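S.K.: Okay, handing you the structure first.
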Amino acid sequence: MNSKYKALASLGKFPLHNLLHCRSIAKVRLKWVKNRSLDHNIDVQTDIKAACLIKNAIIRSPTGYLTSKSLIDSQKLLGITVPTLRFMRRYPTLFEEYPHPKYPSLACFKLTELGMMMHQKELGVYEQCEGDIVERLCRVLIMTCSQMLPFQSLHPLKWDLGLPDDFDRNLIRKYPDHFRVVKGTSGTNCLKLAQWPEEFSVSLLQKMNEKSIEESTEGFSRYRGFRMGKAALEFPMSFPRGYGAQKKVKAWMDEFQKLPYISPYEDSRGIDPNSDIMEKRVVGLLHEFLGLTIYKKTKRNYLRCLREEFNLPHRFTRIFTRYPGIFYLSLKCKTTSVALREGYQRGKLVNPHPLAKHRDKVYYLMRTGLIYRGKALDVIPRLNNLVDNDAEDVGEEDEDEEEEIEMSGEDYDSEAETDSGTD
């Protein structure tokens with residue numbers, strides 16, 4: 001870099017990372033490795049999500065039930081691989097089928113007593129975690145360029161971010177100091193951040209490294225750089241078997257980790273979109289967003305809908321296959337999902353959120369529904385110790401069940417473009 005610009009940067013005329021526009025790190029083409037453990041988790045979570053979406057639709061219904069006719073075209077919306085009616089009939093502990101009172105040939109579905117009890121428990125979890133939910137929503141808005149998102153972009157993310165089904169009607173009204181509803185440029189209703197709490201501007205990666213930075217021998221100056229998002233923080237990586245030992249991969253990752261870390265909460269519009277700094281900033285933003293989700297994963301198309309708001313470059317989804325030590329792409333359930341590898345260990349969530357633990361209970365009831373059919377009350381006493389005992393093996397698979405596919409990252413990304421569009 002020119003000495004003149006170095007001097008300007010040192011005087012604080014403009015951020016140093018805005019001056020770094022060169023791309024010096026060579027690209028490395030990596031093969032995609034299928035991880036059966038993470039795929040299994042995505043499979044399970046898809047079924048739990050579908051059951052909960054149906055449950056919420058029944059709760060919202062003024063009649064307290066849904067007819068088979070209203071559910072016929074919902075399979076794609078729910079993201080399941082079987083017809084909706086067959087899916088609901090698998091889980092009689094949650095859904096009760098009975099004939100319509102006026103049209104006996106029309107099947108109706110309502111929640112069982114146990115299903116209603118689980119819904120009430122879910123409301124209790126939301127109430128218990130309300131502060132955490134508000135913080136998570138604030139952080140997502142801070143990451144956007146305008147601190148604002150359309151509700152139509154937030155609604156598909158309710159499940160992943162752990163937002164209550166009625167968050168747009170009740171939650172945001174309880175926190176007028178945090179949120180405002182405004183009209184966007186296209187006339188759509190948007191959720192805007194009313195104030196920017198400073199404590200929400202430190203990323204999850206910075207928090208992970210904060211203690212070690214404070215205790216480092218370089219003292220306060222390095223800590224100050226860390227707080228400003230300029231320290232070269234390293235991303236936790238868990239490579240598929242065999243990748244970590246490859247010299248070219250190790251050299252590439254070493255170079256990448258040495259680049260300055262740009263906080264996802266920092267304005268990035270002055271960074272060259274083709275630079276290495278922007279690439280690391282994109283990795284950091286996606287890492288932060290996935291870290292805010294309940295299951296450390298989301299659908300790829302949900303992220304595409306946020307591209308402009310997050311100031312992400314075109315074709316940013318190639319990042320997922322370029323950094324397989326950080327992200328994992330899955331094609332399970334006829335869609336493309338992206339997961340944060342560090343969020344899982346031995347096929348299970350690391351530090352699961354209370355809402356994830358509650359959903360494990362829901363899955364347990366779904367999984368054992370046929371056994372306890374007609375005996376729902378007998379299951380209730382077993383719920384108290386469910387997470388520590390019965391639900392312990394939910395989603396558990398051998399973490400080493402990986403299968404190497406003869407396909408480069410770019411080829412895989414192109415093939416994934418042709419998926420069914422249920423993202």
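Residues in the structure tokens are named by chain (A, B, ... in the order shown) and by number from 1 within that chain; ligands are numbered from 1 in the order shown.
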Could you tell me, as a ChimeraX atom specification, which residues of stretch 1-153 of chain A DSSP assigns to alpha helix (DSSP H) when given the backbone?

M.R.: /A:3-10,36-60,68-71,75-78,84-89,113-128,130-142,151-153

S.K.: So that I can check the surroundings of A:Ile319, please list as a PDB file with all heavy atoms, in the first residue's frame every protein, DNA and RNA residue that reaches within 9 Å of it, counting only C-alpha atoms and ignoring chain neighbours fewer than 4 positions away.

M.R.:
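The resulting file, selection34.pdb, is shown below:
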```
ATOM      1  N   GLU A 279     -14.414 -10.619   1.041  1.00  0.00           N
ATOM      2  CA  GLU A 279     -14.729 -12.038   1.172  1.00  0.00           C
ATOM      3  C   GLU A 279     -14.741 -12.452   2.642  1.00  0.00           C
ATOM      4  O   GLU A 279     -15.626 -13.189   3.078  1.00  0.00           O
ATOM      5  CB  GLU A 279     -13.744 -12.890   0.385  1.00  0.00           C
ATOM      6  CG  GLU A 279     -14.050 -14.361   0.437  1.00  0.00           C
ATOM      7  CD  GLU A 279     -13.393 -15.149  -0.683  1.00  0.00           C
ATOM      8  OE1 GLU A 279     -13.506 -14.735  -1.844  1.00  0.00           O
ATOM      9  OE2 GLU A 279     -12.783 -16.182  -0.378  1.00  0.00           O
ATOM     10  N   VAL A 282     -17.846 -11.086   4.263  1.00  0.00           N
ATOM     11  CA  VAL A 282     -19.023 -11.890   3.922  1.00  0.00           C
ATOM     12  C   VAL A 282     -19.057 -13.156   4.776  1.00  0.00           C
ATOM     13  O   VAL A 282     -20.104 -13.541   5.308  1.00  0.00           O
ATOM     14  CB  VAL A 282     -19.034 -12.236   2.421  1.00  0.00           C
ATOM     15  CG1 VAL A 282     -20.137 -13.252   2.105  1.00  0.00           C
ATOM     16  CG2 VAL A 282     -19.237 -10.974   1.585  1.00  0.00           C
ATOM     17  N   VAL A 283     -17.912 -13.820   4.913  1.00  0.00           N
ATOM     18  CA  VAL A 283     -17.827 -15.004   5.763  1.00  0.00           C
ATOM     19  C   VAL A 283     -18.235 -14.644   7.195  1.00  0.00           C
ATOM     20  O   VAL A 283     -18.990 -15.378   7.848  1.00  0.00           O
ATOM     21  CB  VAL A 283     -16.404 -15.602   5.736  1.00  0.00           C
ATOM     22  CG1 VAL A 283     -16.266 -16.717   6.781  1.00  0.00           C
ATOM     23  CG2 VAL A 283     -16.072 -16.147   4.357  1.00  0.00           C
ATOM     24  N   ARG A 315     -23.647 -13.751  -6.322  1.00  0.00           N
ATOM     25  CA  ARG A 315     -23.137 -15.124  -6.224  1.00  0.00           C
ATOM     26  C   ARG A 315     -22.346 -15.346  -4.929  1.00  0.00           C
ATOM     27  O   ARG A 315     -21.380 -16.108  -4.894  1.00  0.00           O
ATOM     28  CB  ARG A 315     -22.272 -15.461  -7.437  1.00  0.00           C
ATOM     29  CG  ARG A 315     -22.959 -15.160  -8.764  1.00  0.00           C
ATOM     30  CD  ARG A 315     -22.291 -15.819  -9.924  1.00  0.00           C
ATOM     31  NE  ARG A 315     -22.600 -17.239  -9.961  1.00  0.00           N
ATOM     32  CZ  ARG A 315     -22.240 -18.063 -10.939  1.00  0.00           C
ATOM     33  NH1 ARG A 315     -21.571 -17.591 -11.967  1.00  0.00           N
ATOM     34  NH2 ARG A 315     -22.550 -19.335 -10.905  1.00  0.00           N
ATOM     35  N   TYR A 323     -15.512 -22.502   1.778  1.00  0.00           N
ATOM     36  CA  TYR A 323     -15.069 -22.610   3.165  1.00  0.00           C
ATOM     37  C   TYR A 323     -15.807 -23.756   3.853  1.00  0.00           C
ATOM     38  O   TYR A 323     -16.622 -23.541   4.772  1.00  0.00           O
ATOM     39  CB  TYR A 323     -15.302 -21.284   3.901  1.00  0.00           C
ATOM     40  CG  TYR A 323     -14.463 -20.164   3.333  1.00  0.00           C
ATOM     41  CD1 TYR A 323     -14.974 -19.339   2.325  1.00  0.00           C
ATOM     42  CD2 TYR A 323     -13.159 -19.958   3.756  1.00  0.00           C
ATOM     43  CE1 TYR A 323     -14.196 -18.334   1.777  1.00  0.00           C
ATOM     44  CE2 TYR A 323     -12.381 -18.949   3.213  1.00  0.00           C
ATOM     45  CZ  TYR A 323     -12.906 -18.135   2.219  1.00  0.00           C
ATOM     46  OH  TYR A 323     -12.129 -17.148   1.677  1.00  0.00           O
ATOM     47  N   PRO A 324     -15.516 -24.996   3.444  1.00  0.00           N
ATOM     48  CA  PRO A 324     -16.210 -26.160   4.030  1.00  0.00           C
ATOM     49  C   PRO A 324     -15.839 -26.419   5.476  1.00  0.00           C
ATOM     50  O   PRO A 324     -16.505 -27.210   6.142  1.00  0.00           O
ATOM     51  CB  PRO A 324     -15.769 -27.309   3.119  1.00  0.00           C
ATOM     52  CG  PRO A 324     -14.426 -26.886   2.597  1.00  0.00           C
ATOM     53  CD  PRO A 324     -14.522 -25.397   2.419  1.00  0.00           C
ATOM     54  N   PHE A 327     -18.740 -23.800   6.897  1.00  0.00           N
ATOM     55  CA  PHE A 327     -20.125 -24.018   6.497  1.00  0.00           C
ATOM     56  C   PHE A 327     -20.325 -25.417   5.919  1.00  0.00           C
ATOM     57  O   PHE A 327     -19.385 -26.044   5.436  1.00  0.00           O
ATOM     58  CB  PHE A 327     -20.543 -22.990   5.436  1.00  0.00           C
ATOM     59  CG  PHE A 327     -20.294 -21.566   5.815  1.00  0.00           C
ATOM     60  CD1 PHE A 327     -19.299 -20.811   5.189  1.00  0.00           C
ATOM     61  CD2 PHE A 327     -21.042 -20.960   6.816  1.00  0.00           C
ATOM     62  CE1 PHE A 327     -19.063 -19.499   5.533  1.00  0.00           C
ATOM     63  CE2 PHE A 327     -20.813 -19.642   7.179  1.00  0.00           C
ATOM     64  CZ  PHE A 327     -19.826 -18.905   6.536  1.00  0.00           C
TER      65      PHE A 327
END
```

S.K.: Within 6 Å of stretch 84-95 of chain A, counting only C-alpha atoms, which residues qualify if same-chain residues fewer than 5 places away don't, as a PyMOL selection string?

M.R.: chain A and resi 75+110-112+115+366+369

S.K.: Have a look at atom CA of A:Pro156 and atom CA of A:Leu53 and let me know their distance in Å, one decimal.

M.R.: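 Atom CA of A:Leu53 lies at a distance of 11.1 Å from atom CA of A:Pro156.
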
S.K.: If you run DSSP on the backbone here, which positions in stretch 286-353 of chain A get strand (DSSP E)? Please write them as a list in words.

M.R.: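 In stretch 286-353 of chain A, DSSP puts these residues in strand (DSSP E): Lys297, Thr298, Lys299, Phe327, Tyr328, Leu329, Ser330, Ser337, Val338, Ala339, Leu340, Tyr344, Gln345, Lys348 and Leu349 of chain A.
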
S.K.: Kindly save the residues from that selection, with C-alpha atoms included, as a PDB file, in the first residue's frame.

M.R.:
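Generated file (selection-v9.pdb):
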```pdb
ATOM      1  CA  LYS A 297     -28.693 -23.196   9.963  1.00  0.00           C
ATOM      2  CA  THR A 298     -31.128 -21.734   7.463  1.00  0.00           C
ATOM      3  CA  LYS A 299     -32.199 -22.192   3.851  1.00  0.00           C
ATOM      4  CA  PHE A 327     -20.125 -24.018   6.497  1.00  0.00           C
ATOM      5  CA  TYR A 328     -21.935 -27.123   5.328  1.00  0.00           C
ATOM      6  CA  LEU A 329     -24.372 -27.255   2.409  1.00  0.00           C
ATOM      7  CA  SER A 330     -27.096 -29.882   2.399  1.00  0.00           C
ATOM      8  CA  SER A 337     -29.730 -25.570   3.514  1.00  0.00           C
ATOM      9  CA  VAL A 338     -26.552 -24.093   4.944  1.00  0.00           C
ATOM     10  CA  ALA A 339     -25.346 -24.943   8.452  1.00  0.00           C
ATOM     11  CA  LEU A 340     -22.582 -23.667  10.709  1.00  0.00           C
ATOM     12  CA  TYR A 344     -22.673 -29.192  16.057  1.00  0.00           C
ATOM     13  CA  GLN A 345     -20.531 -31.776  17.787  1.00  0.00           C
ATOM     14  CA  LYS A 348     -25.813 -32.767  18.362  1.00  0.00           C
ATOM     15  CA  LEU A 349     -26.229 -29.039  18.896  1.00  0.00           C
TER      16      LEU A 349
END
```

S.K.: Given the choices A:Ala107, A:Ala356, A:Cys305, A:Leu331, which gets closest to A:Asp43 if the distance is worked out from only C-alpha atoms?

M.R.: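 Among the listed residues, the smallest separation from A:Asp43 belongs to A:Leu331.
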
S.K.: For stretch 184-200 of chain A, please output as a list in words all residues within 9 Å (counting only C-alpha atoms; exclusion window: fewer than 2 positions along the same chain).

M.R.: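 Listed by chain and then number, they are Glu135, Arg136, Cys138, Arg139, Leu141, Ile142, Ser146, Gln147, Met148, Leu149, Pro150, Phe151, Gln152, Leu154, Asp168, Ile172, Pro176, Asp177, His178, Phe179, Arg180, Val181, Val182, Val202, Ser203 and Tyr265 of chain A.
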
S.K.: Determine, counting only C-alpha atoms, which protein, DNA and RNA residues have an atom within 10 Å of an atom of A:Ile326; residues of the same chain fewer than 6 positions away are not included. Present the result as a compact mmCIF listing (two decimals) with N, CA, C and O atoms, in the first residue's frame.

M.R.:
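As written to disk, around.txt reads:
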```
# COMPACT_ATOMS: atom_id res chain seq x y z
N PHE A 235 -11.63 -17.76 12.57
CA PHE A 235 -12.88 -18.51 12.61
C PHE A 235 -12.60 -19.95 13.04
O PHE A 235 -11.64 -20.56 12.55
N PRO A 236 -13.41 -20.50 13.92
CA PRO A 236 -13.27 -21.93 14.23
C PRO A 236 -13.55 -22.74 12.97
O PRO A 236 -14.48 -22.44 12.22
N MET A 237 -12.73 -23.75 12.72
CA MET A 237 -12.91 -24.55 11.52
C MET A 237 -12.90 -26.03 11.87
O MET A 237 -12.13 -26.47 12.73
N SER A 238 -13.74 -26.77 11.19
CA SER A 238 -13.82 -28.21 11.36
C SER A 238 -13.92 -28.83 9.98
O SER A 238 -15.01 -28.99 9.43
N PHE A 239 -12.76 -29.14 9.41
CA PHE A 239 -12.74 -29.62 8.03
C PHE A 239 -13.24 -31.05 7.92
O PHE A 239 -13.09 -31.85 8.85
N VAL A 283 -17.91 -13.82 4.91
CA VAL A 283 -17.83 -15.00 5.76
C VAL A 283 -18.23 -14.64 7.19
O VAL A 283 -18.99 -15.38 7.85
N LEU A 286 -22.12 -14.03 7.40
CA LEU A 286 -22.87 -15.28 7.32
C LEU A 286 -22.66 -16.12 8.59
O LEU A 286 -23.58 -16.76 9.08
N HIS A 287 -21.44 -16.09 9.11
CA HIS A 287 -21.13 -16.79 10.35
C HIS A 287 -21.96 -16.22 11.49
O HIS A 287 -22.54 -16.96 12.31
N ILE A 319 -19.42 -18.82 -1.33
CA ILE A 319 -18.65 -18.81 -0.08
C ILE A 319 -18.84 -20.12 0.68
O ILE A 319 -17.91 -20.64 1.30
N PHE A 320 -20.04 -20.68 0.62
CA PHE A 320 -20.34 -21.87 1.41
C PHE A 320 -19.50 -23.06 0.99
O PHE A 320 -19.13 -23.90 1.82
N ALA A 339 -25.50 -24.81 7.00
CA ALA A 339 -25.35 -24.94 8.45
C ALA A 339 -23.96 -24.49 8.88
O ALA A 339 -23.00 -24.53 8.09
N LEU A 340 -23.86 -24.06 10.12
CA LEU A 340 -22.58 -23.67 10.71
C LEU A 340 -21.98 -24.89 11.39
O LEU A 340 -22.57 -25.43 12.34
N ARG A 341 -20.84 -25.35 10.91
CA ARG A 341 -20.26 -26.59 11.42
C ARG A 341 -19.98 -26.53 12.92
O ARG A 341 -20.16 -27.50 13.64
N GLU A 342 -19.49 -25.38 13.40
CA GLU A 342 -19.11 -25.30 14.81
C GLU A 342 -20.30 -25.41 15.74
O GLU A 342 -20.15 -25.60 16.95
N GLY A 343 -21.52 -25.27 15.18
CA GLY A 343 -22.72 -25.37 16.00
C GLY A 343 -23.06 -26.79 16.40
O GLY A 343 -23.95 -27.00 17.24
```

S.K.: Could you tell me how far atom CA of A:Glu308 lies from atom CA of A:Leu290, in Å and to one decimal?

M.R.: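 According to the coordinates, atom CA of A:Glu308 and atom CA of A:Leu290 are separated by 17.4 Å.
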
S.K.: Under the rule that only C-alpha atoms are counted, which of A:Met253, A:Leu78, A:Cys129, A:Leu157 is the nearest residue to A:Asn301?

M.R.: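 Smallest distance to A:Asn301 is found for A:Leu157.
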
S.K.: Find the spatial neighbours of A:Leu106, counting only C-alpha atoms, within a cut-off of 8 Å - ignore same-chain residues fewer than 6 positions away - and output them as a PyMOL selection string.

M.R.: chain A and resi 67-69+99-100

S.K.: For the residues in that selection, give me N, CA and C atoms as a short mmCIF file (atom, residue, chain, number, x, y, z; two decimals), in the first residue's frame.

M.R.:
```cif
data_model
loop_
_atom_site.label_atom_id
_atom_site.label_comp_id
_atom_site.auth_asym_id
_atom_site.auth_seq_id
_atom_site.Cartn_x
_atom_site.Cartn_y
_atom_site.Cartn_z
N THR A 67 -59.37 -28.18 7.62
CA THR A 67 -59.96 -29.25 6.80
C THR A 67 -58.90 -29.83 5.88
N SER A 68 -59.12 -31.05 5.45
CA SER A 68 -58.19 -31.71 4.53
C SER A 68 -58.10 -30.93 3.22
N LYS A 69 -59.19 -30.31 2.84
CA LYS A 69 -59.20 -29.53 1.59
C LYS A 69 -58.25 -28.34 1.68
N PRO A 99 -64.37 -36.41 11.40
CA PRO A 99 -65.18 -35.95 10.27
C PRO A 99 -65.77 -34.56 10.54
N HIS A 100 -65.91 -33.79 9.48
CA HIS A 100 -66.50 -32.45 9.58
C HIS A 100 -67.93 -32.57 10.11
#
```

S.K.: Of the residues A:Asp166, A:Glu97, A:Leu77, A:Ile72, which is the one nearest to A:Asn56, using only C-alpha atoms?

M.R.: A:Asp166
